[in-house]
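These notes concern the structure reproduced below.
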Amino acid sequence: MDYHKKFIAHLDLDCFFVSVERIKDPSLIGKPVAVGGVGRRGVVSSASYEARKFGVRSAMPMGQALDLCPQLIVVRGSHGEYGKISKRLYKFMCDYAPIVQQASIDEMYMDFTGCEKLYNNDLPGLMRTLQALVKKEFSLPCTIALSSNKIISKIATGCMKPEGLIIVEHGLEKDFLAPLDIAVIPGVGTKTEKELRKYNFNTIRDIQKAKKETIEAILGDHGRYFYRTAIGLGNDVLDVGWKRKSISNENTFMENISDRNELLKNLFELTESVCYNTRRYGWKGKTVKLKLRYSDFSTITRNITLKEPTNDDRIVFDAVKSIFLKAYTRKFPIRLLGVGLTQFSESKDETMSIFAEDEKRMQILNAVDKLRKKFGDDAIHTGKL
DNA sequence: TCTGGGGTCCTAGGACCC
DNA sequence: TCTGGGGTCCTAGGACCC
(Lines give C-alpha, C1' and ligand atoms only; values in the text may rest on other atoms or scores of the structure.)
Protein backbone atom coordinates (compact mmCIF):
# COMPACT_ATOMS: atom_id res chain seq x y z
CA MET A 1 0.00 0.00 0.00
CA ASP A 2 2.88 2.32 0.74
CA TYR A 3 4.78 1.61 -2.45
CA HIS A 4 3.78 4.80 -4.19
CA LYS A 5 4.39 7.12 -1.28
CA LYS A 6 6.54 10.12 -2.04
CA PHE A 7 9.65 11.65 -0.51
CA ILE A 8 8.94 15.28 0.28
CA ALA A 9 11.44 17.38 2.19
CA HIS A 10 10.77 20.64 3.99
CA LEU A 11 13.67 23.00 4.64
CA ASP A 12 13.13 25.82 7.12
CA LEU A 13 15.77 28.42 7.93
CA ASP A 14 16.18 28.98 11.67
CA CYS A 15 15.34 32.55 12.77
CA PHE A 16 16.30 33.55 9.22
CA PHE A 17 16.34 37.34 9.60
CA VAL A 18 18.44 37.17 12.76
CA SER A 19 20.84 34.74 11.08
CA VAL A 20 21.36 37.17 8.19
CA GLU A 21 21.99 40.04 10.59
CA ARG A 22 24.57 37.87 12.34
CA ILE A 23 26.44 37.41 9.07
CA LYS A 24 26.56 41.19 8.72
CA ASP A 25 27.49 41.73 12.37
CA PRO A 26 29.08 38.69 14.05
CA SER A 27 28.99 40.40 17.44
CA LEU A 28 25.27 39.46 17.51
CA ILE A 29 26.13 35.74 17.65
CA GLY A 30 25.16 34.10 20.93
CA LYS A 31 23.11 37.08 22.11
CA PRO A 32 19.36 37.66 22.44
CA VAL A 33 18.47 39.48 19.21
CA ALA A 34 15.18 40.48 17.61
CA VAL A 35 14.63 41.79 14.10
CA GLY A 36 11.57 43.97 13.87
CA GLY A 37 10.08 47.42 14.02
CA VAL A 38 11.77 49.79 16.39
CA GLY A 39 9.75 52.18 18.48
CA ARG A 40 6.64 51.79 20.57
CA ARG A 41 4.55 50.45 17.73
CA GLY A 42 6.96 47.84 16.42
CA VAL A 43 6.60 44.08 16.66
CA VAL A 44 9.08 41.21 16.57
CA SER A 45 9.39 39.53 13.19
CA SER A 46 12.27 37.20 14.05
CA ALA A 47 13.79 36.32 17.42
CA SER A 48 17.05 34.49 18.16
CA TYR A 49 16.83 31.35 20.27
CA GLU A 50 18.64 33.15 23.08
CA ALA A 51 15.76 35.66 23.06
CA ARG A 52 13.12 32.91 22.86
CA LYS A 53 14.42 31.54 26.17
CA PHE A 54 12.97 34.69 27.73
CA GLY A 55 9.62 34.15 26.05
CA VAL A 56 10.19 36.52 23.13
CA ARG A 57 8.17 35.38 20.12
CA SER A 58 7.53 36.66 16.62
CA ALA A 59 4.49 38.94 16.22
CA MET A 60 4.97 40.08 19.83
CA PRO A 61 4.86 43.84 20.50
CA MET A 62 8.42 45.11 20.92
CA GLY A 63 7.58 46.74 24.26
CA GLN A 64 6.51 43.42 25.66
CA ALA A 65 9.61 41.72 24.27
CA LEU A 66 11.84 44.27 25.98
CA ASP A 67 10.00 43.78 29.27
CA LEU A 68 10.61 40.04 29.08
CA CYS A 69 14.22 40.46 28.00
CA PRO A 70 15.68 43.91 28.85
CA GLN A 71 19.05 43.10 27.27
CA LEU A 72 17.36 42.29 23.93
CA ILE A 73 19.21 43.76 20.95
CA VAL A 74 16.69 45.12 18.46
CA VAL A 75 17.73 45.35 14.80
CA ARG A 76 15.68 46.92 12.04
CA GLY A 77 15.65 44.36 9.24
CA SER A 78 16.49 44.77 5.58
CA HIS A 79 13.89 42.82 3.64
CA GLY A 80 15.43 43.33 0.23
CA GLU A 81 18.53 41.48 1.31
CA TYR A 82 16.55 38.59 2.84
CA GLY A 83 14.70 38.17 -0.44
CA LYS A 84 17.93 38.00 -2.44
CA ILE A 85 19.47 35.37 -0.17
CA SER A 86 16.25 33.38 -0.26
CA LYS A 87 16.30 33.36 -4.05
CA ARG A 88 19.94 32.23 -4.11
CA LEU A 89 19.19 29.36 -1.76
CA TYR A 90 16.24 28.32 -3.92
CA LYS A 91 18.46 28.17 -7.01
CA PHE A 92 21.10 26.25 -5.07
CA MET A 93 18.55 23.59 -4.09
CA CYS A 94 17.33 23.25 -7.67
CA ASP A 95 20.65 21.53 -8.41
CA TYR A 96 19.77 18.76 -5.95
CA ALA A 97 16.02 18.27 -6.23
CA PRO A 98 14.07 17.89 -9.48
CA ILE A 99 11.12 19.86 -8.07
CA VAL A 100 11.47 22.73 -5.60
CA GLN A 101 8.68 24.89 -4.22
CA GLN A 102 9.49 28.19 -2.57
CA ALA A 103 6.88 28.28 0.19
CA SER A 104 7.87 31.58 1.80
CA ILE A 105 10.95 33.74 2.25
CA ASP A 106 12.50 31.23 4.67
CA GLU A 107 11.14 27.82 3.69
CA MET A 108 10.90 25.51 0.71
CA TYR A 109 9.73 22.04 -0.23
CA MET A 110 11.74 19.58 -2.32
CA ASP A 111 10.41 16.43 -3.99
CA PHE A 112 13.00 13.64 -4.11
CA THR A 113 10.61 10.93 -5.26
CA GLY A 114 12.39 8.78 -7.83
CA CYS A 115 15.83 10.08 -6.83
CA GLU A 116 16.58 7.30 -4.37
CA LYS A 117 19.02 5.47 -6.65
CA LEU A 118 20.71 8.69 -7.72
CA TYR A 119 21.57 9.26 -4.08
CA ASN A 120 22.65 5.66 -3.34
CA ASN A 121 19.38 4.85 -1.58
CA ASP A 122 20.43 7.19 1.20
CA LEU A 123 18.05 10.15 1.26
CA PRO A 124 18.67 10.66 5.00
CA GLY A 125 22.35 11.05 4.18
CA LEU A 126 21.45 13.57 1.48
CA MET A 127 19.42 15.58 4.00
CA ARG A 128 22.45 15.76 6.30
CA THR A 129 24.61 16.85 3.37
CA LEU A 130 22.17 19.58 2.34
CA GLN A 131 21.92 20.89 5.89
CA ALA A 132 25.71 21.06 6.09
CA LEU A 133 25.92 22.77 2.69
CA VAL A 134 23.45 25.48 3.72
CA LYS A 135 25.66 26.16 6.72
CA LYS A 136 28.86 26.11 4.72
CA GLU A 137 27.80 28.00 1.58
CA PHE A 138 25.28 30.40 3.13
CA SER A 139 26.32 30.55 6.79
CA LEU A 140 22.69 29.84 7.67
CA PRO A 141 21.39 27.31 10.19
CA CYS A 142 18.38 25.33 9.03
CA THR A 143 16.10 22.44 9.93
CA ILE A 144 15.14 19.73 7.44
CA ALA A 145 12.45 17.04 7.55
CA LEU A 146 11.67 14.26 5.10
CA SER A 147 8.33 12.42 4.96
CA SER A 148 5.61 11.30 2.59
CA ASN A 149 3.85 14.68 2.29
CA LYS A 150 4.29 18.42 2.69
CA ILE A 151 2.28 18.87 5.84
CA ILE A 152 4.04 16.19 7.89
CA SER A 153 7.41 17.52 6.81
CA LYS A 154 6.38 21.03 7.78
CA ILE A 155 5.08 19.95 11.17
CA ALA A 156 8.27 17.97 11.66
CA THR A 157 10.66 20.87 10.99
CA GLY A 158 8.61 22.96 13.39
CA CYS A 159 9.18 20.38 16.12
CA MET A 160 12.90 19.92 15.49
CA LYS A 161 14.12 23.53 15.40
CA PRO A 162 16.78 24.78 15.52
CA GLU A 163 19.32 22.88 13.39
CA GLY A 164 17.23 19.73 13.54
CA LEU A 165 16.94 16.86 11.10
CA ILE A 166 14.24 14.21 11.04
CA ILE A 167 13.03 11.45 8.76
CA VAL A 168 9.44 10.29 9.23
CA GLU A 169 9.43 6.81 7.68
CA HIS A 170 6.59 5.78 5.41
CA GLY A 171 3.92 4.10 7.52
CA LEU A 172 4.92 5.81 10.77
CA GLU A 173 3.16 9.11 10.10
CA LYS A 174 0.34 8.54 12.58
CA ASP A 175 2.72 7.49 15.34
CA PHE A 176 4.90 10.52 14.78
CA LEU A 177 1.94 12.90 14.96
CA ALA A 178 0.02 11.28 17.82
CA PRO A 179 1.77 12.88 20.84
CA LEU A 180 2.02 16.38 19.32
CA ASP A 181 -0.13 19.30 20.42
CA ILE A 182 -2.97 20.31 18.07
CA ALA A 183 -1.49 23.82 17.81
CA VAL A 184 1.40 22.54 15.64
CA ILE A 185 -0.95 21.81 12.75
CA PRO A 186 -0.60 24.57 10.14
CA GLY A 187 -3.93 26.35 9.91
CA VAL A 188 -4.68 26.05 13.62
CA GLY A 189 -4.54 29.61 14.89
CA THR A 190 -5.88 31.08 18.10
CA LYS A 191 -9.55 30.63 17.17
CA THR A 192 -9.36 27.06 15.95
CA GLU A 193 -7.15 26.07 18.87
CA LYS A 194 -9.62 27.45 21.37
CA GLU A 195 -12.50 25.73 19.62
CA LEU A 196 -10.75 22.35 19.63
CA ARG A 197 -9.68 22.62 23.29
CA LYS A 198 -13.25 23.43 24.24
CA TYR A 199 -14.13 19.88 23.18
CA ASN A 200 -11.03 18.42 24.85
CA PHE A 201 -9.00 17.89 21.73
CA ASN A 202 -5.51 18.68 22.97
CA THR A 203 -3.17 16.31 21.16
CA ILE A 204 -3.29 15.05 17.62
CA ARG A 205 -3.98 11.61 19.09
CA ASP A 206 -7.29 12.98 20.40
CA ILE A 207 -8.24 13.86 16.84
CA GLN A 208 -7.04 10.49 15.51
CA LYS A 209 -9.33 8.72 17.99
CA ALA A 210 -12.36 10.83 17.12
CA LYS A 211 -14.76 10.35 14.24
CA LYS A 212 -14.22 12.40 11.12
CA GLU A 213 -17.81 13.63 11.44
CA THR A 214 -17.17 14.97 14.96
CA ILE A 215 -14.29 17.13 13.80
CA GLU A 216 -16.31 18.32 10.82
CA ALA A 217 -19.19 19.23 13.11
CA ILE A 218 -16.89 21.44 15.20
CA LEU A 219 -14.87 23.06 12.44
CA GLY A 220 -17.03 22.81 9.33
CA ASP A 221 -15.28 22.29 6.03
CA HIS A 222 -11.93 22.93 7.69
CA GLY A 223 -12.53 19.87 9.84
CA ARG A 224 -12.03 17.54 6.92
CA TYR A 225 -8.55 18.91 6.35
CA PHE A 226 -7.61 18.71 10.04
CA TYR A 227 -8.82 15.14 10.35
CA ARG A 228 -6.89 14.07 7.25
CA THR A 229 -3.79 15.79 8.57
CA ALA A 230 -4.11 14.10 11.95
CA ILE A 231 -4.20 10.64 10.44
CA GLY A 232 -1.12 11.36 8.35
CA LEU A 233 -2.61 12.28 5.00
CA GLY A 234 -1.75 15.46 3.18
CA ASN A 235 -0.84 17.22 -0.03
CA ASP A 236 2.23 15.69 -1.68
CA VAL A 237 2.21 17.77 -4.87
CA LEU A 238 4.59 20.72 -5.00
CA ASP A 239 3.17 23.98 -6.28
CA VAL A 240 5.73 25.56 -8.58
CA GLY A 241 3.55 27.98 -10.57
CA TRP A 242 2.98 30.51 -7.81
CA LYS A 243 2.11 34.01 -8.93
CA ARG A 244 1.34 36.87 -6.59
CA LYS A 245 -2.26 37.97 -6.69
CA SER A 246 -2.10 41.32 -4.98
CA ILE A 247 0.30 44.18 -4.33
CA SER A 248 -0.25 46.40 -1.34
CA ASN A 249 1.41 48.88 0.94
CA GLU A 250 0.29 49.87 4.40
CA ASN A 251 1.63 52.09 7.13
CA THR A 252 1.02 52.38 10.84
CA PHE A 253 1.72 55.94 11.88
CA MET A 254 4.09 56.87 14.68
CA GLU A 255 1.14 58.80 16.10
CA ASN A 256 -2.53 58.59 15.21
CA ILE A 257 -3.76 61.06 12.61
CA SER A 258 -7.13 62.82 12.42
CA ASP A 259 -6.43 65.50 9.84
CA ARG A 260 -8.13 64.68 6.54
CA ASN A 261 -5.51 66.33 4.35
CA GLU A 262 -2.69 64.59 6.11
CA LEU A 263 -4.50 61.28 5.70
CA LEU A 264 -5.00 61.96 1.99
CA LYS A 265 -1.32 62.81 1.63
CA ASN A 266 -0.42 59.48 3.19
CA LEU A 267 -2.85 57.68 0.91
CA PHE A 268 -1.19 59.31 -2.06
CA GLU A 269 2.25 58.10 -1.00
CA LEU A 270 0.93 54.57 -0.50
CA THR A 271 -0.76 54.72 -3.91
CA GLU A 272 2.48 55.84 -5.56
CA SER A 273 4.44 52.96 -4.13
CA VAL A 274 1.78 50.37 -5.01
CA CYS A 275 1.54 51.63 -8.60
CA TYR A 276 5.31 51.73 -8.90
CA ASN A 277 5.62 48.11 -7.80
CA THR A 278 2.79 47.08 -10.11
CA ARG A 279 4.53 48.73 -13.05
CA ARG A 280 7.76 46.97 -12.18
CA TYR A 281 5.94 43.68 -12.71
CA GLY A 282 4.52 45.00 -15.96
CA TRP A 283 1.03 44.51 -14.58
CA LYS A 284 -2.19 46.43 -14.25
CA GLY A 285 -4.76 45.96 -11.51
CA LYS A 286 -8.51 46.23 -11.82
CA THR A 287 -9.58 46.28 -8.17
CA VAL A 288 -8.38 48.98 -5.79
CA LYS A 289 -8.37 48.22 -2.06
CA LEU A 290 -8.40 50.59 0.87
CA LYS A 291 -7.64 49.59 4.46
CA LEU A 292 -8.33 51.81 7.42
CA ARG A 293 -7.62 51.12 11.08
CA TYR A 294 -8.92 53.41 13.80
CA SER A 295 -7.06 54.08 17.05
CA ASP A 296 -9.28 51.52 18.82
CA PHE A 297 -7.98 48.92 16.33
CA SER A 298 -11.30 48.44 14.58
CA THR A 299 -10.45 47.87 10.95
CA ILE A 300 -12.46 48.29 7.79
CA THR A 301 -11.67 47.51 4.17
CA ARG A 302 -13.27 48.84 1.02
CA ASN A 303 -12.82 47.74 -2.61
CA ILE A 304 -13.75 49.22 -5.88
CA THR A 305 -13.43 47.50 -9.23
CA LEU A 306 -12.61 49.78 -12.12
CA LYS A 307 -13.82 49.41 -15.69
CA GLU A 308 -10.27 49.02 -16.97
CA PRO A 309 -7.11 47.68 -15.28
CA THR A 310 -4.56 50.37 -14.49
CA ASN A 311 -1.22 51.11 -12.86
CA ASP A 312 -1.51 54.88 -13.15
CA ASP A 313 -1.01 56.73 -9.85
CA ARG A 314 -3.62 59.33 -10.69
CA ILE A 315 -6.39 56.90 -11.63
CA VAL A 316 -5.75 54.69 -8.62
CA PHE A 317 -5.58 57.66 -6.28
CA ASP A 318 -8.88 59.04 -7.55
CA ALA A 319 -10.47 55.69 -6.70
CA VAL A 320 -8.73 55.48 -3.31
CA LYS A 321 -9.76 59.02 -2.46
CA SER A 322 -13.42 58.48 -3.32
CA ILE A 323 -13.76 55.27 -1.31
CA PHE A 324 -11.81 56.78 1.57
CA LEU A 325 -14.07 59.81 1.82
CA LYS A 326 -17.09 57.52 1.86
CA ALA A 327 -15.54 55.09 4.37
CA TYR A 328 -14.03 57.57 6.84
CA THR A 329 -17.19 58.24 8.77
CA ARG A 330 -16.18 57.96 12.43
CA LYS A 331 -14.72 61.08 13.95
CA PHE A 332 -11.94 59.03 15.37
CA PRO A 333 -8.15 59.18 14.98
CA ILE A 334 -6.60 56.73 12.53
CA ARG A 335 -3.52 54.59 13.21
CA LEU A 336 -3.13 52.76 9.89
CA LEU A 337 -3.87 53.28 6.24
CA GLY A 338 -3.30 50.79 3.42
CA VAL A 339 -3.70 50.74 -0.35
CA GLY A 340 -3.70 47.67 -2.57
CA LEU A 341 -4.23 46.53 -6.13
CA THR A 342 -5.57 43.13 -7.26
CA GLN A 343 -7.14 41.44 -10.29
CA PHE A 344 -4.03 41.76 -12.40
CA SER A 345 -3.61 41.52 -16.12
CA GLU A 346 -0.39 41.90 -18.09
CA SER A 347 0.06 45.50 -19.16
CA LYS A 348 0.46 45.29 -22.91
CA ASP A 349 1.61 48.33 -24.78
CA GLU A 350 -1.27 48.38 -27.24
CA THR A 351 -3.86 48.36 -24.45
CA MET A 352 -1.88 50.73 -22.30
CA SER A 353 -3.60 53.85 -23.49
CA ILE A 354 -5.70 55.17 -26.30
CA PHE A 355 -5.14 58.86 -25.83
CA ALA A 356 -2.01 60.82 -26.49
CA GLU A 357 -2.31 62.54 -23.15
CA ASP A 358 -2.19 59.18 -21.41
CA GLU A 359 0.88 58.25 -23.43
CA LYS A 360 2.57 61.35 -22.16
CA ARG A 361 1.65 60.53 -18.58
CA MET A 362 3.02 57.01 -18.98
CA GLN A 363 6.29 58.45 -20.27
CA ILE A 364 6.50 60.70 -17.24
CA LEU A 365 5.77 57.81 -14.89
CA ASN A 366 8.42 55.72 -16.60
CA ALA A 367 10.94 58.50 -16.14
CA VAL A 368 9.97 58.78 -12.47
CA ASP A 369 10.42 55.03 -12.08
CA LYS A 370 13.90 55.19 -13.59
CA LEU A 371 14.93 57.93 -11.17
CA ARG A 372 13.55 55.95 -8.26
CA LYS A 373 15.57 52.93 -9.28
CA LYS A 374 18.66 55.07 -9.37
CA PHE A 375 18.20 57.18 -6.26
CA GLY A 376 15.76 55.23 -4.10
CA ASP A 377 12.01 55.31 -3.52
CA ASP A 378 11.92 58.66 -1.72
CA ALA A 379 13.91 60.51 -4.37
CA ILE A 380 10.94 61.80 -6.29
CA HIS A 381 7.20 62.18 -5.96
CA THR A 382 4.80 63.45 -8.59
CA GLY A 383 2.79 66.67 -8.42
CA LYS A 384 0.16 66.06 -5.77
CA LEU A 385 2.58 65.92 -2.87
C1' DT B 1 2.37 44.51 26.62
C1' DC B 2 -1.76 47.18 23.46
C1' DT B 3 -1.06 44.71 18.85
C1' DG B 4 3.88 45.43 11.69
C1' DG B 5 3.57 44.50 6.93
C1' DG B 6 3.31 41.45 3.32
C1' DG B 7 0.32 38.07 1.69
C1' DT B 8 -3.48 33.81 0.82
C1' DC B 9 -7.89 31.61 1.03
C1' DC B 10 -12.68 31.20 2.41
C1' DT B 11 -17.52 32.61 3.22
C1' DA B 12 -21.74 34.84 2.59
C1' DG B 13 -24.77 38.02 0.64
C1' DG B 14 -26.23 40.89 -3.20
C1' DA B 15 -26.47 42.34 -8.09
C1' DC B 16 -27.23 40.95 -12.46
C1' DC B 17 -27.99 37.96 -16.47
C1' DC B 18 -30.27 34.30 -18.98
C1' DT C 1 -49.29 36.75 -10.82
C1' DC C 2 -44.93 38.26 -7.25
C1' DT C 3 -42.19 33.78 -8.85
C1' DG C 4 -37.26 29.36 -10.57
C1' DG C 5 -32.59 28.17 -10.82
C1' DG C 6 -27.84 28.43 -12.40
C1' DG C 7 -23.81 31.11 -13.11
C1' DT C 8 -20.64 34.85 -12.43
C1' DC C 9 -18.89 38.93 -10.54
C1' DC C 10 -18.35 42.03 -6.76
C1' DT C 11 -17.80 43.36 -1.85
C1' DA C 12 -16.64 42.99 3.27
C1' DG C 13 -14.83 40.58 6.76
C1' DG C 14 -12.27 37.01 9.07
C1' DA C 15 -8.78 33.40 9.97
C1' DC C 16 -4.37 32.31 9.15
C1' DC C 17 0.73 32.29 7.67
C1' DC C 18 5.69 34.10 7.62
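Identifiers for the C-alpha coordinates are assigned positionally: chains receive A, B, ... in sequence, residues are indexed from 1 per chain, and ligands are indexed from 1 in the order shown.
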
Based on only C-alpha atoms (C1' of nucleotides), which of the residues in chain A come within 9 Å of chain C? I want them as a PyMOL selection string. chain A and resi 45+104-106+186-192+300-305

I want to know what sits within 12 Å of Asp206 (chain A), based on only C-alpha atoms (C1' of nucleotides), with residues of the same chain fewer than 4 positions away left out; could you give that as a PyMOL selection string? chain A and resi 174+177-182+196-197+199-202+210-212+214-215+226-227+230-231

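Coordinates place CA of Asp111 (chain A) at a distance of 6.3 Å from CA of Ala9 (chain A).
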
Give me, as an NGL selection string, all polymer residues having an atom no more than 10 Å from Leu264 (chain A), counting only C-alpha atoms (C1' of nucleotides) and skipping those fewer than 3 positions away in the same chain. :A and (259-261 or 267-270 or 317 or 320-321 or 324-325 or 337 or 385)

Residues from the last selection, N, CA and C atoms, saved as a PDB file, in the first residue's frame:
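What ended up in selection-v6.pdb:
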ATOM      1  N   ASP A 259      -6.299  64.477  10.875  1.00  0.00           N
ATOM      2  CA  ASP A 259      -6.432  65.497   9.838  1.00  0.00           C
ATOM      3  C   ASP A 259      -6.636  64.882   8.456  1.00  0.00           C
ATOM      4  N   ARG A 260      -7.767  65.273   7.825  1.00  0.00           N
ATOM      5  CA  ARG A 260      -8.131  64.684   6.536  1.00  0.00           C
ATOM      6  C   ARG A 260      -7.058  64.850   5.470  1.00  0.00           C
ATOM      7  N   ASN A 261      -6.504  66.078   5.393  1.00  0.00           N
ATOM      8  CA  ASN A 261      -5.511  66.329   4.353  1.00  0.00           C
ATOM      9  C   ASN A 261      -4.244  65.523   4.565  1.00  0.00           C
ATOM     10  N   LEU A 267      -2.255  58.588   1.895  1.00  0.00           N
ATOM     11  CA  LEU A 267      -2.852  57.683   0.910  1.00  0.00           C
ATOM     12  C   LEU A 267      -2.187  57.844  -0.453  1.00  0.00           C
ATOM     13  N   PHE A 268      -1.830  59.083  -0.765  1.00  0.00           N
ATOM     14  CA  PHE A 268      -1.186  59.313  -2.065  1.00  0.00           C
ATOM     15  C   PHE A 268       0.188  58.646  -2.119  1.00  0.00           C
ATOM     16  N   GLU A 269       0.926  58.745  -1.032  1.00  0.00           N
ATOM     17  CA  GLU A 269       2.247  58.099  -0.996  1.00  0.00           C
ATOM     18  C   GLU A 269       2.124  56.593  -1.129  1.00  0.00           C
ATOM     19  N   LEU A 270       1.151  56.018  -0.417  1.00  0.00           N
ATOM     20  CA  LEU A 270       0.934  54.571  -0.502  1.00  0.00           C
ATOM     21  C   LEU A 270       0.555  54.178  -1.929  1.00  0.00           C
ATOM     22  N   PHE A 317      -5.353  56.752  -7.409  1.00  0.00           N
ATOM     23  CA  PHE A 317      -5.584  57.662  -6.281  1.00  0.00           C
ATOM     24  C   PHE A 317      -6.991  58.237  -6.288  1.00  0.00           C
ATOM     25  N   VAL A 320      -9.029  55.582  -4.750  1.00  0.00           N
ATOM     26  CA  VAL A 320      -8.727  55.484  -3.314  1.00  0.00           C
ATOM     27  C   VAL A 320      -9.386  56.629  -2.560  1.00  0.00           C
ATOM     28  N   LYS A 321      -9.227  57.826  -3.115  1.00  0.00           N
ATOM     29  CA  LYS A 321      -9.762  59.019  -2.460  1.00  0.00           C
ATOM     30  C   LYS A 321     -11.277  58.919  -2.314  1.00  0.00           C
ATOM     31  N   PHE A 324     -12.217  56.339   0.238  1.00  0.00           N
ATOM     32  CA  PHE A 324     -11.806  56.777   1.575  1.00  0.00           C
ATOM     33  C   PHE A 324     -12.791  57.798   2.143  1.00  0.00           C
ATOM     34  N   LEU A 325     -13.162  58.774   1.324  1.00  0.00           N
ATOM     35  CA  LEU A 325     -14.068  59.814   1.816  1.00  0.00           C
ATOM     36  C   LEU A 325     -15.420  59.222   2.203  1.00  0.00           C
ATOM     37  N   LEU A 337      -3.228  53.227   7.538  1.00  0.00           N
ATOM     38  CA  LEU A 337      -3.870  53.276   6.235  1.00  0.00           C
ATOM     39  C   LEU A 337      -3.159  52.302   5.311  1.00  0.00           C
ATOM     40  N   LEU A 385       1.984  65.747  -4.192  1.00  0.00           N
ATOM     41  CA  LEU A 385       2.580  65.916  -2.872  1.00  0.00           C
ATOM     42  C   LEU A 385       3.153  67.314  -2.692  1.00  0.00           C
TER      43      LEU A 385
END

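Atom pair CA of Ile207 (chain A) / CA of Lys5 (chain A): separated by 23.1 Å.
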
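CA of Leu172 (chain A) to CA of Leu233 (chain A) spans 11.5 Å [interatomic distance, one decimal].
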
Report as an MDAnalysis selection string: the residues of region 90-175 of chain A with a DSSP assignment of strand (DSSP E or B), based on the backbone of this structure. chainID A and resid 99:104 107:111 142:147 165:167

Give me the residues within 12 Å of region 17-27 of chain A as a ChimeraX atom specification, counting only C-alpha atoms (C1' of nucleotides) and dropping any in the same chain fewer than 4 places off. /A:13,31-36,44-51,58,73-86,105-106,135,138-142,162 /C:18

What parts of region 57-264 of chain A does DSSP call helix (DSSP H, G or I)? I'd like the answer as a PyMOL selection string. chain A and resi 62-68+79-94+123-138+150-160+173-177+182-184+190-198+204-209+212-219+221-230+260-264

Show me, as a ChimeraX atom specification, the residues that have an atom within 6 Å of region 112-125 of chain A when counting only C-alpha atoms (C1' of nucleotides), minus same-chain residues fewer than 5 positions from it. /A:6-7,97
